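The structure appears right after this line, and notes come after that.
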Amino acid sequence: MNLIREIWQSIVRRDPLSTDKGKSELVFLNVWLHIHPAKVKKENLKFKHTYYLGFITFFLFVILVTTGIALMCYYRPYPAQAYQDMKDLQFAVFLGPFLRGMHRWAAHGMVVCVFLHMCRVFYTGSYKKPRQFNWVVGVVLLLLTLGLSFTGYLLPWDQLAFWAITVGTNIGSYAPLVGGQIRELLLGGHTVGEAALLRFYVLHVAVLPSMVILFTVVHFWRIRKDGGLSRPVWKLKAKKPEGLVTIGGTPEVAQLQAVPASTDKTYGLMEVVTGKPIFETITPEEEEDVAFSYPFAFFREGVALMATVTGIMAISLFFHAPLEELANPAKTPNPAKAPWYFLGLQELVSHSALLGGVVAPAVMVLALLAIPYFDRNPSRRPKDRKLAIWLFTIFVVVNLVLIVIGTYFRGPGWALVPPWVHVVAGAE
Amino acid sequence: MGRRLPQAFFALSLLALALIVAAVWQASTPSWKTYQRQFLQLEAQGEPNAAAKAAVLATPLEIHQVLLPGLQRVDRCTTCHLGVDDPTMKNAPEPFRYHVGLGTNVPSKFGCTICHGGQGLATDQKNAHGNVDFWQTPLLAKDYIRASCGRCHKEGDIPGVPELAEGRHLFETQGCRGCHKLDGVGGSIGPDLSEEGASQRSPEWLEKHFLTPSVVSPGSAMPNFHFTREQARALTYYMLSLTNQDMGTYYSSLRTIPSSSYGRELFVEKNCIVCHAIGGVGAKVGPDLMGVTQRHSREWLDEQLVNPQLVYPGSAMPEYDLDTNSRKALVAYLATATSEDAQLILSGKKSTLTPEDAAIEAGKSNFARFGCAGCHGTELQGGVPNPNAQGGQVPSLLHLSDDYTKDEVIEVIRNGRMPPLDNASGPTPPLYMPSWKHLLSEEDIHEIVEFLWSKQQKAKDSW
């Protein structure tokens, strides 16, 4: 018994969790948990503040990596084999349809959640100082998520995959000067073929996931370094007279020294230098609003994790991922559609190739990246940022409407056909 | 909130565990396992003692599959259809019944789906039988399975399936190629038929289409050829046999089934009678072939057809590059050949043609081969309905010379043209003269025009 206790002690090396010391040691003696602070602001744990969308997105990514590695064991990235491997997953591999279903639905879910997470961050104004750069990292992660979903779309090598990627990469080729070359680089040729499948596979299983992991690490690190999650809007304090000091900014050294040493706690520079840091801090009077991460934060995250996992598993148990006919370059479905999240762009392309293929995506990405630097309004209160909220809402609604039109209202020849009218394509 | 959270966490964890159990249960109880257990029960009944019964019942349940790289498929049908090659299962209930009458076409070498259709990779009934979305070729109805013989056996006769030869004959003589491409040759008014056997159109649809095209595809340009039921069935068979699929070497060697009638066709086609005689009828350059199969062994004859120089150095016999089964067919014909038949073959060959007659003959065969007859009629009578074209039908070609010079007709064949409209504001007529310059050489076109002119009925004569 003593040996077992000794082994356990050698692993955990912390005081019992009943003590405050034990609760904090659980966090900072553990490499995996110490991304959390030992204590968190209670109000930040509120569901209605974040809807846990960031966590859910991350958990979906974990599901995708896990099921993705399992699927890699059964998949050969070569056209004829790829499709047969899909059929084998469907009919002969133990748990094959379940695994594939989980991967598919988690992938769609991740695209949705990463977008919703972005909306939440915008509406709570959480991209504002000092969190501007983390918003930029977030936009990069959104683009990487779309890239992962798009590259994964081709891998089953069925008609849906083949034509969605053909249309999707065509949209990209409308970019002036480099568009054609980018398409060729991506496809390894002029059309979607063997080379394209191999390249998409490499991007999907190696390049893009590594980049997502790298940027996620930065994203999480930045949350800690920016002082934890932003305060809920309803807890915003009245602005302090001394305001925030910009490190490395224009103020003279003398001015910086003139600022009295703060009694606030910080998560950044410990109190070895004077001056108030850039990070959001906790004043002594806020201390009582703080709770230990264990158990309050951890169990909430645990619930979010298990809810995500059970949700995806339950869906996969009853709905299997679709698989159409073997890709046939000679037989174009009418209409051929890009993956759903690019249908807004395809809709624009149908009106103007330049607008949908170049202007709209470029403006959207640049605008998203520029938001925290362009929006000079320091207030996070909704009543102070009516214009920003209106503009962003219009952006979201226009995107959704275009996607819905592209998905449900476009029939053969990209004609406007409501979903309740059945059109027989290719009637002779 | 403190207490409820861990409870929710553990409840959800239990739910996750339950879902994993459910998924494992779903994956471990596929319907094919039920069928295999039933089959083992059935087999165990035939065993004499309890030990043998137990041994049978202990057979592991597993997916059975036939790997057929030559046919580019993997068939798992035998996972459930377990008695298909077991004659003792002759009276067993489906899906275990023995497949009678397979001959040499055993499932272990050919699989099942090459003849029956369906989805070989699937392991549940609905998907395997192929009546699901996104699977092109569902199981063929019983009446049409024999059409699949034509997928491999593309030449000559197929014993037991006269429909295929009949369908091919109709296709080539009724002018189908005028509108439809097959293996790269033909018009483009109708769809390409090279892969018709792999299309989603059902046999029933095809058959109705041949009887009355307008019933299944209203507004189609396809004329009603007034085929009989048997002809429609034969054409349907032929259509079902058309696939572009690349068969591996072993399977493509099966293109021909050796038969004496196909051997006779080869004998005529290769002009053997020019050098050889049968029972004294024919030429005397080579030996008389009467009774040649008694004088030499089949192996010797086969070798002689492959490489005459090896058998008789200095022989005048050319190499004909015939495949194995064509050589067998030729030998089979020689075994039954008679001098009367040789006489028939000889009389089928006209005496030397004048160059004019030769051109007309060639024109006639071009007219048939490229499907002109489809619209203009086998007797050039025209008459196929073509709404809103002048006269409402495809014109007869019997009075061409009244209105056109030869050069004008050559121009129309070369470049095609839209028919003059009856009503200028009406719809475009479905049929039109396609441009033939990419398919026909100048010589072909000239020959066709010579043929047409040889058939002209002068307007004066009919007065």
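Going by the structure tokens order, chains are called A, B, ..., each with residues numbered from 1, while ligands are numbered from 1 in the order shown.
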
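Near Pro333 of chain A, within 12 Å and counting only C-alpha atoms, sit A:Asp158, A:Gln159, A:Leu160, A:Ala161, A:Phe162, A:Trp163, A:Ala164, A:Thr166, A:Val167, A:Glu324, A:Glu325, A:Ala327, A:Asn328, A:Pro329, A:Ala330, A:Lys331, A:Pro335, A:Ala336, A:Lys337, A:Ala338, A:Gly411, A:Pro412, A:Gly413, A:Trp414, A:Val424, A:Ala425, A:Gly426, not including residues fewer than 2 positions from it in the same chain.
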
Can those selected residues be exported to a file as a CSV table (one decimal), in the first residue's frame so that it contains C-alpha atoms?
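Wrote it out as again-v6.csv, contents follow:
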```csv
chain,number,residue,atom,x,y,z
A,158,ASP,CA,-17.0,10.7,-55.0
A,159,GLN,CA,-19.0,13.0,-57.3
A,160,LEU,CA,-19.8,15.4,-54.4
A,161,ALA,CA,-16.1,15.7,-53.5
A,162,PHE,CA,-14.8,16.0,-57.0
A,163,TRP,CA,-17.2,18.6,-58.2
A,164,ALA,CA,-17.2,20.6,-55.0
A,166,THR,CA,-13.6,21.6,-59.0
A,167,VAL,CA,-16.0,24.5,-58.4
A,324,GLU,CA,-22.1,9.5,-53.8
A,325,GLU,CA,-21.0,7.7,-57.0
A,327,ALA,CA,-15.9,10.7,-59.1
A,328,ASN,CA,-16.5,11.0,-62.8
A,329,PRO,CA,-14.8,13.9,-64.5
A,330,ALA,CA,-16.9,13.3,-67.7
A,331,LYS,CA,-20.2,13.7,-65.9
A,335,PRO,CA,-25.7,22.3,-60.7
A,336,ALA,CA,-22.2,21.5,-59.4
A,337,LYS,CA,-21.9,23.1,-56.0
A,338,ALA,CA,-18.9,24.1,-53.8
A,411,GLY,CA,-31.2,24.3,-59.3
A,412,PRO,CA,-29.9,23.1,-62.7
A,413,GLY,CA,-28.0,25.8,-64.6
A,414,TRP,CA,-27.8,27.8,-61.3
A,424,VAL,CA,-35.6,16.5,-62.9
A,425,ALA,CA,-32.1,17.2,-64.0
A,426,GLY,CA,-30.9,16.2,-67.5
```

* Proximal residues of chain B relative to chain A (only C-alpha atoms; 8 Å) as JSON, numbers by chain -> {"B": [2, 5, 6, 8, 9, 12, 13, 15, 16, 19, 20, 22, 23, 24, 27, 28, 63, 121, 122, 123, 124, 133, 134, 135, 136, 217, 220]}

Give me, as a tab-separated table (two decimals) with N, CA and C atoms, in the first residue's frame, the residues of segment 200-366 of chain B that a backbone DSSP run labels alpha helix (DSSP H).
```tsv
chain	number	residue	atom	x	y	z
B	203	PRO	N	-33.95	-1.50	-67.55
B	203	PRO	CA	-34.29	-2.27	-68.74
B	203	PRO	C	-35.72	-2.02	-69.19
B	204	GLU	N	-36.62	-1.89	-68.22
B	204	GLU	CA	-38.03	-1.65	-68.57
B	204	GLU	C	-38.16	-0.33	-69.34
B	205	TRP	N	-37.43	0.67	-68.88
B	205	TRP	CA	-37.46	1.98	-69.55
B	205	TRP	C	-36.97	1.83	-70.98
B	206	LEU	N	-35.85	1.12	-71.15
B	206	LEU	CA	-35.28	0.95	-72.49
B	206	LEU	C	-36.28	0.26	-73.41
B	207	GLU	N	-36.91	-0.79	-72.90
B	207	GLU	CA	-37.80	-1.56	-73.75
B	207	GLU	C	-39.00	-0.71	-74.19
B	208	LYS	N	-39.57	0.04	-73.23
B	208	LYS	CA	-40.68	0.93	-73.59
B	208	LYS	C	-40.22	1.96	-74.60
B	209	HIS	N	-38.99	2.44	-74.40
B	209	HIS	CA	-38.44	3.47	-75.27
B	209	HIS	C	-38.32	2.95	-76.71
B	210	PHE	N	-37.94	1.70	-76.87
B	210	PHE	CA	-37.81	1.15	-78.22
B	210	PHE	C	-39.16	0.92	-78.87
B	211	LEU	N	-40.17	0.58	-78.04
B	211	LEU	CA	-41.49	0.34	-78.61
B	211	LEU	C	-42.14	1.65	-79.04
B	213	PRO	N	-40.98	5.60	-78.35
B	213	PRO	CA	-40.09	6.53	-77.64
B	213	PRO	C	-40.85	7.61	-76.87
B	214	SER	N	-41.95	8.10	-77.45
B	214	SER	CA	-42.61	9.25	-76.84
B	214	SER	C	-43.26	8.90	-75.50
B	215	VAL	N	-43.48	7.61	-75.22
B	215	VAL	CA	-44.13	7.23	-73.97
B	215	VAL	C	-43.24	7.56	-72.77
B	216	VAL	N	-41.93	7.23	-72.88
B	216	VAL	CA	-41.04	7.45	-71.74
B	216	VAL	C	-40.25	8.74	-71.82
B	229	ARG	N	-42.12	-6.49	-80.34
B	229	ARG	CA	-41.72	-6.72	-78.96
B	229	ARG	C	-40.37	-7.44	-78.87
B	230	GLU	N	-40.20	-8.43	-79.75
B	230	GLU	CA	-38.95	-9.20	-79.73
B	230	GLU	C	-37.76	-8.32	-80.12
B	231	GLN	N	-37.98	-7.46	-81.12
B	231	GLN	CA	-36.90	-6.57	-81.54
B	231	GLN	C	-36.55	-5.59	-80.44
B	232	ALA	N	-37.59	-5.06	-79.77
B	232	ALA	CA	-37.33	-4.11	-78.67
B	232	ALA	C	-36.56	-4.81	-77.57
B	233	ARG	N	-36.92	-6.05	-77.29
B	233	ARG	CA	-36.22	-6.82	-76.26
B	233	ARG	C	-34.76	-7.03	-76.67
B	234	ALA	N	-34.55	-7.38	-77.96
B	234	ALA	CA	-33.19	-7.63	-78.44
B	234	ALA	C	-32.34	-6.37	-78.33
B	235	LEU	N	-32.92	-5.22	-78.72
B	235	LEU	CA	-32.17	-3.96	-78.62
B	235	LEU	C	-31.87	-3.62	-77.16
B	236	THR	N	-32.84	-3.89	-76.29
B	236	THR	CA	-32.63	-3.65	-74.86
B	236	THR	C	-31.47	-4.48	-74.35
B	237	TYR	N	-31.44	-5.74	-74.74
B	237	TYR	CA	-30.32	-6.60	-74.36
B	237	TYR	C	-29.00	-6.02	-74.83
B	238	TYR	N	-29.01	-5.59	-76.08
B	238	TYR	CA	-27.76	-5.06	-76.64
B	238	TYR	C	-27.33	-3.82	-75.86
B	239	MET	N	-28.27	-2.93	-75.56
B	239	MET	CA	-27.95	-1.71	-74.81
B	239	MET	C	-27.36	-2.07	-73.44
B	240	LEU	N	-27.99	-3.05	-72.77
B	240	LEU	CA	-27.54	-3.41	-71.41
B	240	LEU	C	-26.12	-3.99	-71.44
B	249	THR	N	-6.85	-8.93	-69.21
B	249	THR	CA	-6.49	-9.79	-70.34
B	249	THR	C	-7.25	-11.11	-70.34
B	250	TYR	N	-7.34	-11.76	-69.17
B	250	TYR	CA	-8.03	-13.03	-69.13
B	250	TYR	C	-9.46	-12.87	-69.61
B	251	TYR	N	-10.14	-11.84	-69.11
B	251	TYR	CA	-11.55	-11.67	-69.43
B	251	TYR	C	-11.75	-11.20	-70.86
B	252	SER	N	-10.81	-10.39	-71.36
B	252	SER	CA	-11.00	-9.93	-72.73
B	252	SER	C	-10.74	-11.06	-73.73
B	260	SER	N	-19.28	-22.74	-84.74
B	260	SER	CA	-18.98	-22.94	-86.15
B	260	SER	C	-19.59	-21.83	-86.99
B	261	SER	N	-20.69	-21.23	-86.54
B	261	SER	CA	-21.29	-20.18	-87.38
B	261	SER	C	-20.41	-18.93	-87.37
B	262	TYR	N	-19.79	-18.65	-86.18
B	262	TYR	CA	-18.87	-17.52	-86.18
B	262	TYR	C	-17.63	-17.86	-87.00
B	263	GLY	N	-17.22	-19.14	-86.97
B	263	GLY	CA	-16.10	-19.58	-87.79
B	263	GLY	C	-16.39	-19.36	-89.26
B	264	ARG	N	-17.63	-19.62	-89.64
B	264	ARG	CA	-18.01	-19.40	-91.05
B	264	ARG	C	-17.90	-17.92	-91.39
B	265	GLU	N	-18.39	-17.05	-90.47
B	265	GLU	CA	-18.27	-15.61	-90.71
B	265	GLU	C	-16.82	-15.22	-90.95
B	266	LEU	N	-15.93	-15.79	-90.12
B	266	LEU	CA	-14.50	-15.48	-90.28
B	266	LEU	C	-13.98	-16.01	-91.60
B	267	PHE	N	-14.43	-17.21	-91.97
B	267	PHE	CA	-14.01	-17.84	-93.21
B	267	PHE	C	-14.35	-16.93	-94.40
B	268	VAL	N	-15.57	-16.34	-94.32
B	268	VAL	CA	-16.00	-15.44	-95.39
B	268	VAL	C	-15.22	-14.13	-95.33
B	269	GLU	N	-15.11	-13.60	-94.11
B	269	GLU	CA	-14.48	-12.29	-93.94
B	269	GLU	C	-13.01	-12.30	-94.36
B	292	VAL	N	-10.09	-31.64	-93.22
B	292	VAL	CA	-8.79	-31.25	-92.68
B	292	VAL	C	-8.70	-31.56	-91.19
B	293	THR	N	-9.84	-31.52	-90.50
B	293	THR	CA	-9.83	-31.78	-89.06
B	293	THR	C	-9.59	-33.25	-88.74
B	294	GLN	N	-9.80	-34.11	-89.73
B	294	GLN	CA	-9.46	-35.51	-89.50
B	294	GLN	C	-7.99	-35.78	-89.79
B	295	ARG	N	-7.46	-35.03	-90.76
B	295	ARG	CA	-6.07	-35.25	-91.14
B	295	ARG	C	-5.10	-34.70	-90.09
B	298	ARG	N	-6.28	-30.88	-83.59
B	298	ARG	CA	-6.71	-29.48	-83.37
B	298	ARG	C	-5.51	-28.60	-83.01
B	299	GLU	N	-4.57	-29.18	-82.23
B	299	GLU	CA	-3.39	-28.40	-81.82
B	299	GLU	C	-2.57	-28.01	-83.05
B	300	TRP	N	-2.43	-28.97	-83.98
B	300	TRP	CA	-1.66	-28.71	-85.20
B	300	TRP	C	-2.32	-27.59	-86.01
B	301	LEU	N	-3.65	-27.68	-86.16
B	301	LEU	CA	-4.38	-26.66	-86.93
B	301	LEU	C	-4.25	-25.29	-86.27
B	302	ASP	N	-4.33	-25.32	-84.95
B	302	ASP	CA	-4.23	-24.05	-84.22
B	302	ASP	C	-2.86	-23.42	-84.47
B	303	GLU	N	-1.82	-24.27	-84.36
B	303	GLU	CA	-0.45	-23.78	-84.58
B	303	GLU	C	-0.29	-23.24	-86.00
B	304	GLN	N	-0.89	-23.94	-86.96
B	304	GLN	CA	-0.82	-23.52	-88.36
B	304	GLN	C	-1.46	-22.15	-88.55
B	305	LEU	N	-2.56	-21.90	-87.83
B	305	LEU	CA	-3.24	-20.60	-87.95
B	305	LEU	C	-2.44	-19.50	-87.27
B	306	VAL	N	-1.71	-19.87	-86.21
B	306	VAL	CA	-0.92	-18.86	-85.51
B	306	VAL	C	0.30	-18.49	-86.36
B	308	PRO	N	2.04	-20.03	-89.74
B	308	PRO	CA	2.15	-21.01	-90.82
B	308	PRO	C	3.61	-21.32	-91.16
B	309	GLN	N	4.48	-20.33	-91.04
B	309	GLN	CA	5.88	-20.53	-91.42
B	309	GLN	C	6.56	-21.57	-90.54
B	310	LEU	N	6.12	-21.66	-89.30
B	310	LEU	CA	6.75	-22.57	-88.37
B	310	LEU	C	6.41	-24.02	-88.74
B	311	VAL	N	5.17	-24.20	-89.21
B	311	VAL	CA	4.73	-25.55	-89.53
B	311	VAL	C	5.21	-25.97	-90.93
B	324	THR	N	-7.28	-16.65	-79.79
B	324	THR	CA	-7.46	-18.08	-79.54
B	324	THR	C	-8.85	-18.57	-79.90
B	325	ASN	N	-9.87	-17.85	-79.41
B	325	ASN	CA	-11.22	-18.33	-79.61
B	325	ASN	C	-11.67	-18.21	-81.06
B	326	SER	N	-11.15	-17.21	-81.79
B	326	SER	CA	-11.50	-17.11	-83.21
B	326	SER	C	-10.89	-18.27	-83.98
B	327	ARG	N	-9.66	-18.67	-83.59
B	327	ARG	CA	-9.04	-19.83	-84.25
B	327	ARG	C	-9.86	-21.08	-83.98
B	328	LYS	N	-10.31	-21.22	-82.72
B	328	LYS	CA	-11.14	-22.39	-82.39
B	328	LYS	C	-12.41	-22.38	-83.21
B	329	ALA	N	-13.01	-21.19	-83.39
B	329	ALA	CA	-14.26	-21.09	-84.15
B	329	ALA	C	-14.03	-21.50	-85.60
B	330	LEU	N	-12.90	-21.06	-86.15
B	330	LEU	CA	-12.58	-21.39	-87.54
B	330	LEU	C	-12.42	-22.91	-87.70
B	331	VAL	N	-11.71	-23.51	-86.75
B	331	VAL	CA	-11.52	-24.96	-86.80
B	331	VAL	C	-12.87	-25.67	-86.66
B	332	ALA	N	-13.73	-25.13	-85.75
B	332	ALA	CA	-15.06	-25.74	-85.58
B	332	ALA	C	-15.85	-25.67	-86.88
B	333	TYR	N	-15.71	-24.56	-87.62
B	333	TYR	CA	-16.41	-24.47	-88.90
B	333	TYR	C	-15.85	-25.48	-89.89
B	334	LEU	N	-14.50	-25.60	-89.95
B	334	LEU	CA	-13.88	-26.52	-90.91
B	334	LEU	C	-14.33	-27.95	-90.67
B	335	ALA	N	-14.60	-28.28	-89.39
B	335	ALA	CA	-15.04	-29.65	-89.09
B	335	ALA	C	-16.39	-29.95	-89.72
B	336	THR	N	-17.20	-28.90	-89.94
B	336	THR	CA	-18.56	-29.13	-90.47
B	336	THR	C	-18.72	-28.64	-91.89
B	339	SER	N	-19.07	-28.94	-99.32
B	339	SER	CA	-18.86	-28.31	-100.63
B	339	SER	C	-20.07	-27.46	-101.02
B	340	GLU	N	-21.26	-27.86	-100.55
B	340	GLU	CA	-22.46	-27.04	-100.85
B	340	GLU	C	-22.32	-25.65	-100.23
B	341	ASP	N	-21.82	-25.67	-98.98
B	341	ASP	CA	-21.65	-24.40	-98.29
B	341	ASP	C	-20.62	-23.54	-99.00
B	342	ALA	N	-19.54	-24.20	-99.46
B	342	ALA	CA	-18.52	-23.46	-100.20
B	342	ALA	C	-19.12	-22.83	-101.44
B	343	GLN	N	-20.03	-23.56	-102.08
B	343	GLN	CA	-20.71	-23.03	-103.26
B	343	GLN	C	-21.48	-21.76	-102.90
B	344	LEU	N	-22.19	-21.83	-101.75
B	344	LEU	CA	-22.96	-20.67	-101.28
B	344	LEU	C	-22.05	-19.48	-101.04
B	345	ILE	N	-20.92	-19.76	-100.39
B	345	ILE	CA	-19.98	-18.67	-100.09
B	345	ILE	C	-19.47	-18.05	-101.39
B	346	LEU	N	-19.16	-18.92	-102.33
B	346	LEU	CA	-18.67	-18.43	-103.62
B	346	LEU	C	-19.71	-17.59	-104.33
B	347	SER	N	-20.96	-18.05	-104.34
B	347	SER	CA	-22.00	-17.31	-105.07
B	347	SER	C	-22.31	-15.98	-104.38
B	348	GLY	N	-22.02	-15.90	-103.07
B	348	GLY	CA	-22.20	-14.63	-102.35
B	348	GLY	C	-21.23	-13.58	-102.86
B	355	PRO	N	-15.52	-0.23	-111.66
B	355	PRO	CA	-15.22	0.80	-110.65
B	355	PRO	C	-16.49	1.55	-110.21
B	356	GLU	N	-17.42	1.81	-111.14
B	356	GLU	CA	-18.65	2.53	-110.79
B	356	GLU	C	-19.48	1.70	-109.81
B	357	ASP	N	-19.65	0.42	-110.17
B	357	ASP	CA	-20.43	-0.45	-109.29
B	357	ASP	C	-19.77	-0.58	-107.93
B	358	ALA	N	-18.44	-0.64	-107.93
B	358	ALA	CA	-17.72	-0.77	-106.66
B	358	ALA	C	-18.00	0.44	-105.79
B	359	ALA	N	-18.01	1.63	-106.40
B	359	ALA	CA	-18.28	2.84	-105.64
B	359	ALA	C	-19.69	2.81	-105.07
B	360	ILE	N	-20.65	2.36	-105.90
B	360	ILE	CA	-22.03	2.30	-105.44
B	360	ILE	C	-22.17	1.32	-104.28
B	361	GLU	N	-21.49	0.17	-104.42
B	361	GLU	CA	-21.52	-0.84	-103.34
B	361	GLU	C	-20.96	-0.25	-102.05
B	362	ALA	N	-19.80	0.42	-102.19
B	362	ALA	CA	-19.17	1.01	-101.02
B	362	ALA	C	-20.08	2.06	-100.40
B	363	GLY	N	-20.73	2.85	-101.29
B	363	GLY	CA	-21.65	3.88	-100.82
B	363	GLY	C	-22.80	3.27	-100.05
B	364	LYS	N	-23.28	2.15	-100.55
B	364	LYS	CA	-24.40	1.47	-99.89
B	364	LYS	C	-23.98	1.04	-98.49
B	365	SER	N	-22.75	0.48	-98.40
B	365	SER	CA	-22.35	0.00	-97.08
B	365	SER	C	-22.07	1.18	-96.14
B	366	ASN	N	-21.53	2.28	-96.69
B	366	ASN	CA	-21.36	3.48	-95.85
B	366	ASN	C	-22.70	3.99	-95.36
```

**Request:** Using atom CA of Asp157 of chain B and atom CA of Gly371 of chain B as the two end points, give the distance in Å to one decimal.
**Result:**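 Here the two named atoms are 22.9 Å from each other.
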
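With only C-alpha atoms as the atoms that count, the minimum distance from Asp375 of chain A to the choices A:Lys23, A:Phe392, A:Gly147, A:Tyr52 is reached by A:Phe392.
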
Hey, what does DSSP flag as strand (DSSP E) within segment 276-415 of chain B? Can you give it to me as number ranges by chain?
-> B: 277-278, 281-282

> So how far away is atom CA of Leu186 of chain A from atom CA of Ala367 of chain A, in Å?
Replying inline: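 Straight-line distance from atom CA of Ala367 of chain A to atom CA of Leu186 of chain A works out to 25.1 Å.
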
- request: Compile the contact shell of Leu369 of chain A as a PyMOL selection string: residues with an atom at most 8 Å away, counting only C-alpha atoms, same-chain residues fewer than 6 positions apart removed.
  value: chain A and resi 135-136+139

Preceding selection exported with C-alpha atoms as a PDB file, in the first residue's frame:
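Output file selection-v4.pdb is given in full below:
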```
ATOM      1  CA  TRP A 135      -8.596  38.350 -32.705  1.00  0.00           C
ATOM      2  CA  VAL A 136      -6.170  38.256 -35.638  1.00  0.00           C
ATOM      3  CA  VAL A 139      -9.269  34.912 -37.894  1.00  0.00           C
TER       4      VAL A 139
END
```

* To do: Tell me, as a list of chain:residue names, which residues lie within 7 Å of Ala38 of chain A, counting only C-alpha atoms; anything in the same chain fewer than 5 positions away does not count.
  => A:Ser24, A:Val27, A:Phe28, A:Phe292, A:Ser293

Excluding Gly228 of chain A and its own-chain neighbours fewer than 2 positions away, which residues fall within 9 Å of it when counting only C-alpha atoms? Please give them as an NGL selection string.
:A and (36-37 or 40-41 or 44 or 222-226 or 230-231 or 267 or 280)

Review point. So how many Å separate atom CA of Lys42 of chain A and atom CA of Val121 of chain A, to one decimal?
Key: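 Straight-line distance from atom CA of Lys42 of chain A to atom CA of Val121 of chain A works out to 18.5 Å.
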